[in-house]
Amino acid sequence: MLSIEEIKLLIEKLKKLKETDFQQLIDTNLQILEDLAEAIDANNERVISQRDKTPEWFLRDLEYKQNHNHVNPHLYRTIQKKIFQFAKTNLYNSLEIGPGNGQFSKEFRAWRKNFFLDINLSLEQKVRRRFNPGHQKHIVWYNTRAHECSNIPQASCNFVFSWDTFVFFTQNHIQHYLHEIKRVLIPGGYAFVNYADCHYDFDLTQAKRGYWNYNTKTEMERIIKEEGYEVVEMNQFCPGANYAIFRKPGKQNPIVYKINEITLD
């Protein structure tokens, strides 16, 4: 039986073929699939609306990853190098969304202030322990409900980062977050986030089993552009490690990111 994720992926593939000689066949089957996907979503509205994970779920997931040594050291260093490409000024602040246990949080010490946003208040001390006492004054922690960023000052950050968080969000949730982030970024500021791309088998499997939420590079690019950002880079470090770097239009940011191919050894 096809899953809803596979149906949506097939719809996307058929849309790309609409200009071929199979136009009539594709249109007919595309309409059937779209109606089927809509019916499944409608019949499962209660379930679909709960696909954004709860604070308790995230805590259990973090505990599991910590107990099972989930960190890939090669991937960590690759992401770290990418972050350092944005760490060339202390005029502005950074924002990390969903820091969890603070795996990457200490990599933002080059910025003037480090804003951290999470739905679990209990994680603040875990993140703070990553920094020495002298740096504590540069850390500002905020709790959020869903995608709310209103406590973070307007146009205060030139860099927003999130890893292993947006993969759990619905496309609608992601779009709301990107809309909120626009207010926080200075003109020319960058965002670097990882997301699920169900064009790949690894990501599709995670979505089918209900761990990640369904998303694709095509849809992620559409959301980014719809929110008024410039897509700078969309790539993959390894299976399950897809990322997007995008920029708020403007020239206030002294940092100009240049695409540098960084891959795992």
# chains A, B, ... in the order shown; residues from 1 in each chain; ligands from 1
$ closest_atom_pairs --of "stretch 101-161 of chain A" --to "stretch 68-77 of chain A" --cutoff "12 Å" --atoms "only C-alpha atoms" --output "JSON lines"
{"residue": "A:Asn101", "atom": "CA", "partner": "A:Val71", "partner_atom": "CA", "distance": 11.6}
{"residue": "A:Gly102", "atom": "CA", "partner": "A:Val71", "partner_atom": "CA", "distance": 12.0}
{"residue": "A:Gln103", "atom": "CA", "partner": "A:Val71", "partner_atom": "CA", "distance": 8.6}
{"residue": "A:Phe104", "atom": "CA", "partner": "A:Tyr76", "partner_atom": "CA", "distance": 8.2}
{"residue": "A:Ser105", "atom": "CA", "partner": "A:Tyr76", "partner_atom": "CA", "distance": 11.9}
{"residue": "A:Glu107", "atom": "CA", "partner": "A:Arg77", "partner_atom": "CA", "distance": 10.8}
$ select_by_dssp --residues "stretch 109-186 of chain A" --states "strand (DSSP E)" --output "PDB file with N, CA and C atoms, in the first residue's frame"
ATOM      1  N   ASN A 114      24.513  35.445  21.546  1.00  0.00           N
ATOM      2  CA  ASN A 114      23.991  34.180  21.038  1.00  0.00           C
ATOM      3  C   ASN A 114      22.575  33.988  21.554  1.00  0.00           C
ATOM      4  N   PHE A 115      21.601  34.128  20.663  1.00  0.00           N
ATOM      5  CA  PHE A 115      20.210  33.850  21.019  1.00  0.00           C
ATOM      6  C   PHE A 115      19.928  32.365  20.784  1.00  0.00           C
ATOM      7  N   PHE A 116      19.253  31.754  21.740  1.00  0.00           N
ATOM      8  CA  PHE A 116      18.840  30.362  21.604  1.00  0.00           C
ATOM      9  C   PHE A 116      17.338  30.272  21.815  1.00  0.00           C
ATOM     10  N   LEU A 117      16.684  29.517  20.936  1.00  0.00           N
ATOM     11  CA  LEU A 117      15.224  29.408  20.960  1.00  0.00           C
ATOM     12  C   LEU A 117      14.826  27.939  20.982  1.00  0.00           C
ATOM     13  N   ASP A 118      14.045  27.544  21.992  1.00  0.00           N
ATOM     14  CA  ASP A 118      13.635  26.148  22.088  1.00  0.00           C
ATOM     15  C   ASP A 118      12.286  26.077  22.800  1.00  0.00           C
ATOM     16  N   ILE A 139      24.876  35.075  26.305  1.00  0.00           N
ATOM     17  CA  ILE A 139      23.848  34.084  25.969  1.00  0.00           C
ATOM     18  C   ILE A 139      22.480  34.590  26.384  1.00  0.00           C
ATOM     19  N   VAL A 140      21.537  34.542  25.447  1.00  0.00           N
ATOM     20  CA  VAL A 140      20.154  34.939  25.726  1.00  0.00           C
ATOM     21  C   VAL A 140      19.253  33.784  25.310  1.00  0.00           C
ATOM     22  N   TRP A 141      18.499  33.257  26.260  1.00  0.00           N
ATOM     23  CA  TRP A 141      17.646  32.090  26.022  1.00  0.00           C
ATOM     24  C   TRP A 141      16.183  32.505  25.970  1.00  0.00           C
ATOM     25  N   TYR A 142      15.473  32.015  24.989  1.00  0.00           N
ATOM     26  CA  TYR A 142      14.033  32.261  24.895  1.00  0.00           C
ATOM     27  C   TYR A 142      13.306  30.945  24.652  1.00  0.00           C
ATOM     28  N   ASN A 143      12.157  30.840  25.253  1.00  0.00           N
ATOM     29  CA  ASN A 143      11.283  29.709  24.966  1.00  0.00           C
ATOM     30  C   ASN A 143      10.276  30.111  23.908  1.00  0.00           C
ATOM     31  N   CYS A 157      20.076  39.921  14.123  1.00  0.00           N
ATOM     32  CA  CYS A 157      20.948  38.792  13.806  1.00  0.00           C
ATOM     33  C   CYS A 157      21.359  38.815  12.335  1.00  0.00           C
ATOM     34  N   ASN A 158      22.584  38.403  12.088  1.00  0.00           N
ATOM     35  CA  ASN A 158      22.998  38.240  10.692  1.00  0.00           C
ATOM     36  C   ASN A 158      23.159  36.766  10.338  1.00  0.00           C
ATOM     37  N   PHE A 159      22.841  35.871  11.315  1.00  0.00           N
ATOM     38  CA  PHE A 159      22.959  34.439  11.052  1.00  0.00           C
ATOM     39  C   PHE A 159      21.964  33.662  11.902  1.00  0.00           C
ATOM     40  N   VAL A 160      21.199  32.795  11.240  1.00  0.00           N
ATOM     41  CA  VAL A 160      20.258  31.900  11.924  1.00  0.00           C
ATOM     42  C   VAL A 160      20.613  30.472  11.532  1.00  0.00           C
ATOM     43  N   PHE A 161      20.661  29.603  12.536  1.00  0.00           N
ATOM     44  CA  PHE A 161      21.084  28.219  12.309  1.00  0.00           C
ATOM     45  C   PHE A 161      20.112  27.257  12.977  1.00  0.00           C
ATOM     46  N   SER A 162      19.890  26.122  12.325  1.00  0.00           N
ATOM     47  CA  SER A 162      19.106  25.051  12.944  1.00  0.00           C
ATOM     48  C   SER A 162      19.478  23.724  12.306  1.00  0.00           C
ATOM     49  N   LEU A 185      16.275  38.771  11.119  1.00  0.00           N
ATOM     50  CA  LEU A 185      17.483  38.948  10.313  1.00  0.00           C
ATOM     51  C   LEU A 185      17.664  40.397   9.859  1.00  0.00           C
ATOM     52  N   ILE A 186      18.910  40.821   9.781  1.00  0.00           N
ATOM     53  CA  ILE A 186      19.221  42.100   9.153  1.00  0.00           C
ATOM     54  C   ILE A 186      19.144  41.910   7.638  1.00  0.00           C
TER      55      ILE A 186
END
$ residues_around --residues "A:Gly189" --least-positions-apart "4" --cutoff "12 Å" --atoms "only C-alpha atoms" --output "CSV table (one decimal) with C-alpha atoms, in the first residue's frame"
chain,number,residue,atom,x,y,z
A,86,PHE,CA,29.7,33.0,8.6
A,92,TYR,CA,25.7,41.2,15.0
A,93,ASN,CA,24.1,38.3,16.8
A,94,SER,CA,23.4,34.7,16.0
A,95,LEU,CA,20.2,32.7,16.6
A,155,ALA,CA,17.0,43.0,12.7
A,156,SER,CA,19.4,41.9,15.4
A,157,CYS,CA,20.9,38.8,13.8
A,158,ASN,CA,23.0,38.2,10.7
A,159,PHE,CA,23.0,34.4,11.1
A,160,VAL,CA,20.3,31.9,11.9
A,161,PHE,CA,21.1,28.2,12.3
A,181,ILE,CA,12.9,34.7,11.0
A,182,LYS,CA,12.7,37.5,8.4
A,183,ARG,CA,11.9,40.0,11.1
A,184,VAL,CA,14.9,38.9,13.2
A,185,LEU,CA,17.5,38.9,10.3
A,229,TYR,CA,14.4,35.0,0.5
A,230,GLU,CA,17.2,34.4,-2.0
A,232,VAL,CA,22.0,30.6,-2.0
A,245,ILE,CA,21.3,28.3,2.9
A,246,PHE,CA,19.2,31.3,2.1
A,247,ARG,CA,19.5,35.1,2.4
A,248,LYS,CA,17.3,38.0,3.3
A,249,PRO,CA,17.7,40.6,0.5
A,250,GLY,CA,19.8,43.6,1.4
A,251,LYS,CA,23.3,44.9,1.8
A,252,GLN,CA,23.6,45.6,5.6
A,253,ASN,CA,25.5,42.3,6.3
A,254,PRO,CA,29.3,42.7,6.0
A,255,ILE,CA,29.6,38.9,5.5
A,256,VAL,CA,29.2,37.6,1.9
A,257,TYR,CA,28.9,33.8,1.8
$ residues_around --residues "A:Thr89" --least-positions-apart "2" --cutoff "7 Å" --atoms "only C-alpha atoms" --output "list in words"
Ala87, Leu91 and Trp111 of chain A
$ select_by_dssp --residues "stretch 9-205 of chain A" --states "helix (DSSP H, G or I)" --output "ChimeraX atom specification"
/A:9-16,23-43,45-49,55-67,73-84,105-108,121-128,133-138,166-168,171-184,201-205
$ atom_distance --atom1 "atom CA of A:Thr165" --atom2 "atom CA of A:Lys16"
29.0 Å
$ closest_residue --among "A:Arg60, A:His199, A:Lys88, A:Lys82" --to "A:Lys8" --atoms "only C-alpha atoms"
A:His199
$ atom_distance --atom1 "atom CA of A:Asp197" --atom2 "atom CA of A:Gln171"
11.5 Å
$ residues_around --residues "A:Asn242" --least-positions-apart "5" --cutoff "12 Å" --atoms "only C-alpha atoms" --output "ChimeraX atom specification"
/A:75,79,162-164,166-167,192-200,202-203,215-217,220,233-237,263
$ write_last_selection --atoms "N, CA and C atoms" --output "PDB file, in the first residue's frame"
ATOM      1  N   LEU A  75      30.449  14.265  10.287  1.00  0.00           N
ATOM      2  CA  LEU A  75      29.391  15.204   9.924  1.00  0.00           C
ATOM      3  C   LEU A  75      29.475  16.457  10.782  1.00  0.00           C
ATOM      4  N   ILE A  79      29.771  20.334   9.338  1.00  0.00           N
ATOM      5  CA  ILE A  79      28.814  21.402   9.662  1.00  0.00           C
ATOM      6  C   ILE A  79      29.535  22.548  10.366  1.00  0.00           C
ATOM      7  N   SER A 162      19.890  26.122  12.325  1.00  0.00           N
ATOM      8  CA  SER A 162      19.106  25.051  12.944  1.00  0.00           C
ATOM      9  C   SER A 162      19.478  23.724  12.306  1.00  0.00           C
ATOM     10  N   TRP A 163      19.780  22.746  13.160  1.00  0.00           N
ATOM     11  CA  TRP A 163      20.110  21.413  12.652  1.00  0.00           C
ATOM     12  C   TRP A 163      19.340  20.368  13.446  1.00  0.00           C
ATOM     13  N   ASP A 164      18.830  19.367  12.746  1.00  0.00           N
ATOM     14  CA  ASP A 164      18.077  18.269  13.361  1.00  0.00           C
ATOM     15  C   ASP A 164      16.838  18.782  14.087  1.00  0.00           C
ATOM     16  N   PHE A 166      14.218  21.153  11.921  1.00  0.00           N
ATOM     17  CA  PHE A 166      13.224  21.396  10.870  1.00  0.00           C
ATOM     18  C   PHE A 166      12.772  20.098  10.196  1.00  0.00           C
ATOM     19  N   VAL A 167      13.552  19.029  10.348  1.00  0.00           N
ATOM     20  CA  VAL A 167      13.141  17.749   9.774  1.00  0.00           C
ATOM     21  C   VAL A 167      11.877  17.214  10.445  1.00  0.00           C
ATOM     22  N   PHE A 192      20.861  29.035   7.779  1.00  0.00           N
ATOM     23  CA  PHE A 192      21.443  27.744   7.416  1.00  0.00           C
ATOM     24  C   PHE A 192      20.689  26.672   8.208  1.00  0.00           C
ATOM     25  N   VAL A 193      19.818  25.932   7.530  1.00  0.00           N
ATOM     26  CA  VAL A 193      18.987  24.947   8.225  1.00  0.00           C
ATOM     27  C   VAL A 193      19.033  23.613   7.488  1.00  0.00           C
ATOM     28  N   ASN A 194      18.847  22.551   8.240  1.00  0.00           N
ATOM     29  CA  ASN A 194      18.724  21.249   7.595  1.00  0.00           C
ATOM     30  C   ASN A 194      17.261  20.844   7.544  1.00  0.00           C
ATOM     31  N   TYR A 195      16.900  20.047   6.569  1.00  0.00           N
ATOM     32  CA  TYR A 195      15.499  19.712   6.337  1.00  0.00           C
ATOM     33  C   TYR A 195      15.411  18.317   5.723  1.00  0.00           C
ATOM     34  N   ALA A 196      14.227  17.743   5.720  1.00  0.00           N
ATOM     35  CA  ALA A 196      14.017  16.425   5.122  1.00  0.00           C
ATOM     36  C   ALA A 196      13.765  16.571   3.625  1.00  0.00           C
ATOM     37  N   ASP A 197      14.475  15.784   2.838  1.00  0.00           N
ATOM     38  CA  ASP A 197      14.245  15.763   1.391  1.00  0.00           C
ATOM     39  C   ASP A 197      13.830  14.353   1.004  1.00  0.00           C
ATOM     40  N   CYS A 198      12.531  14.137   0.888  1.00  0.00           N
ATOM     41  CA  CYS A 198      11.996  12.802   0.617  1.00  0.00           C
ATOM     42  C   CYS A 198      12.149  12.362  -0.829  1.00  0.00           C
ATOM     43  N   HIS A 199      12.922  13.125  -1.629  1.00  0.00           N
ATOM     44  CA  HIS A 199      13.367  12.614  -2.912  1.00  0.00           C
ATOM     45  C   HIS A 199      14.356  11.469  -2.690  1.00  0.00           C
ATOM     46  N   TYR A 200      14.965  11.443  -1.498  1.00  0.00           N
ATOM     47  CA  TYR A 200      15.935  10.408  -1.156  1.00  0.00           C
ATOM     48  C   TYR A 200      15.288   9.327  -0.295  1.00  0.00           C
ATOM     49  N   PHE A 202      16.423   7.537   2.199  1.00  0.00           N
ATOM     50  CA  PHE A 202      16.636   7.631   3.653  1.00  0.00           C
ATOM     51  C   PHE A 202      15.588   8.530   4.295  1.00  0.00           C
ATOM     52  N   ASP A 203      15.410   9.726   3.723  1.00  0.00           N
ATOM     53  CA  ASP A 203      14.465  10.689   4.283  1.00  0.00           C
ATOM     54  C   ASP A 203      13.024  10.196   4.155  1.00  0.00           C
ATOM     55  N   ASN A 215       8.835  16.283   3.476  1.00  0.00           N
ATOM     56  CA  ASN A 215       9.263  17.502   2.799  1.00  0.00           C
ATOM     57  C   ASN A 215      10.169  17.090   1.649  1.00  0.00           C
ATOM     58  N   THR A 216      10.366  17.986   0.701  1.00  0.00           N
ATOM     59  CA  THR A 216      11.271  17.736  -0.419  1.00  0.00           C
ATOM     60  C   THR A 216      12.059  19.008  -0.729  1.00  0.00           C
ATOM     61  N   LYS A 217      13.134  18.845  -1.489  1.00  0.00           N
ATOM     62  CA  LYS A 217      13.910  20.008  -1.904  1.00  0.00           C
ATOM     63  C   LYS A 217      13.043  20.958  -2.726  1.00  0.00           C
ATOM     64  N   MET A 220      10.785  22.805  -0.306  1.00  0.00           N
ATOM     65  CA  MET A 220      11.572  23.685   0.560  1.00  0.00           C
ATOM     66  C   MET A 220      12.004  24.931  -0.205  1.00  0.00           C
ATOM     67  N   GLU A 233      22.164  28.222  -1.509  1.00  0.00           N
ATOM     68  CA  GLU A 233      22.725  26.881  -1.701  1.00  0.00           C
ATOM     69  C   GLU A 233      21.767  25.850  -1.113  1.00  0.00           C
ATOM     70  N   MET A 234      21.539  24.775  -1.858  1.00  0.00           N
ATOM     71  CA  MET A 234      20.781  23.640  -1.346  1.00  0.00           C
ATOM     72  C   MET A 234      21.562  22.392  -1.733  1.00  0.00           C
ATOM     73  N   ASN A 235      22.000  21.645  -0.723  1.00  0.00           N
ATOM     74  CA  ASN A 235      22.896  20.532  -0.997  1.00  0.00           C
ATOM     75  C   ASN A 235      22.726  19.469   0.074  1.00  0.00           C
ATOM     76  N   GLN A 236      23.616  18.477   0.043  1.00  0.00           N
ATOM     77  CA  GLN A 236      23.548  17.363   0.981  1.00  0.00           C
ATOM     78  C   GLN A 236      24.964  16.973   1.384  1.00  0.00           C
ATOM     79  N   PHE A 237      25.201  16.852   2.697  1.00  0.00           N
ATOM     80  CA  PHE A 237      26.498  16.386   3.174  1.00  0.00           C
ATOM     81  C   PHE A 237      26.606  14.861   3.053  1.00  0.00           C
ATOM     82  N   THR A 263      32.388  18.235   1.756  1.00  0.00           N
ATOM     83  CA  THR A 263      31.754  16.913   1.797  1.00  0.00           C
ATOM     84  C   THR A 263      32.446  16.040   2.824  1.00  0.00           C
TER      85      THR A 263
END
$ atom_distance --atom1 "atom CA of A:Gly100" --atom2 "atom CA of A:Thr54"
13.5 Å
$ closest_residue --among "A:Leu59, A:Ile83, A:Ala146, A:Cys238" --to "A:Ile97" --atoms "only C-alpha atoms"
A:Ala146
$ closest_residue --among "A:Phe84, A:Phe169, A:Tyr214, A:Tyr190" --to "A:Ile7" --atoms "only C-alpha atoms"
A:Tyr214
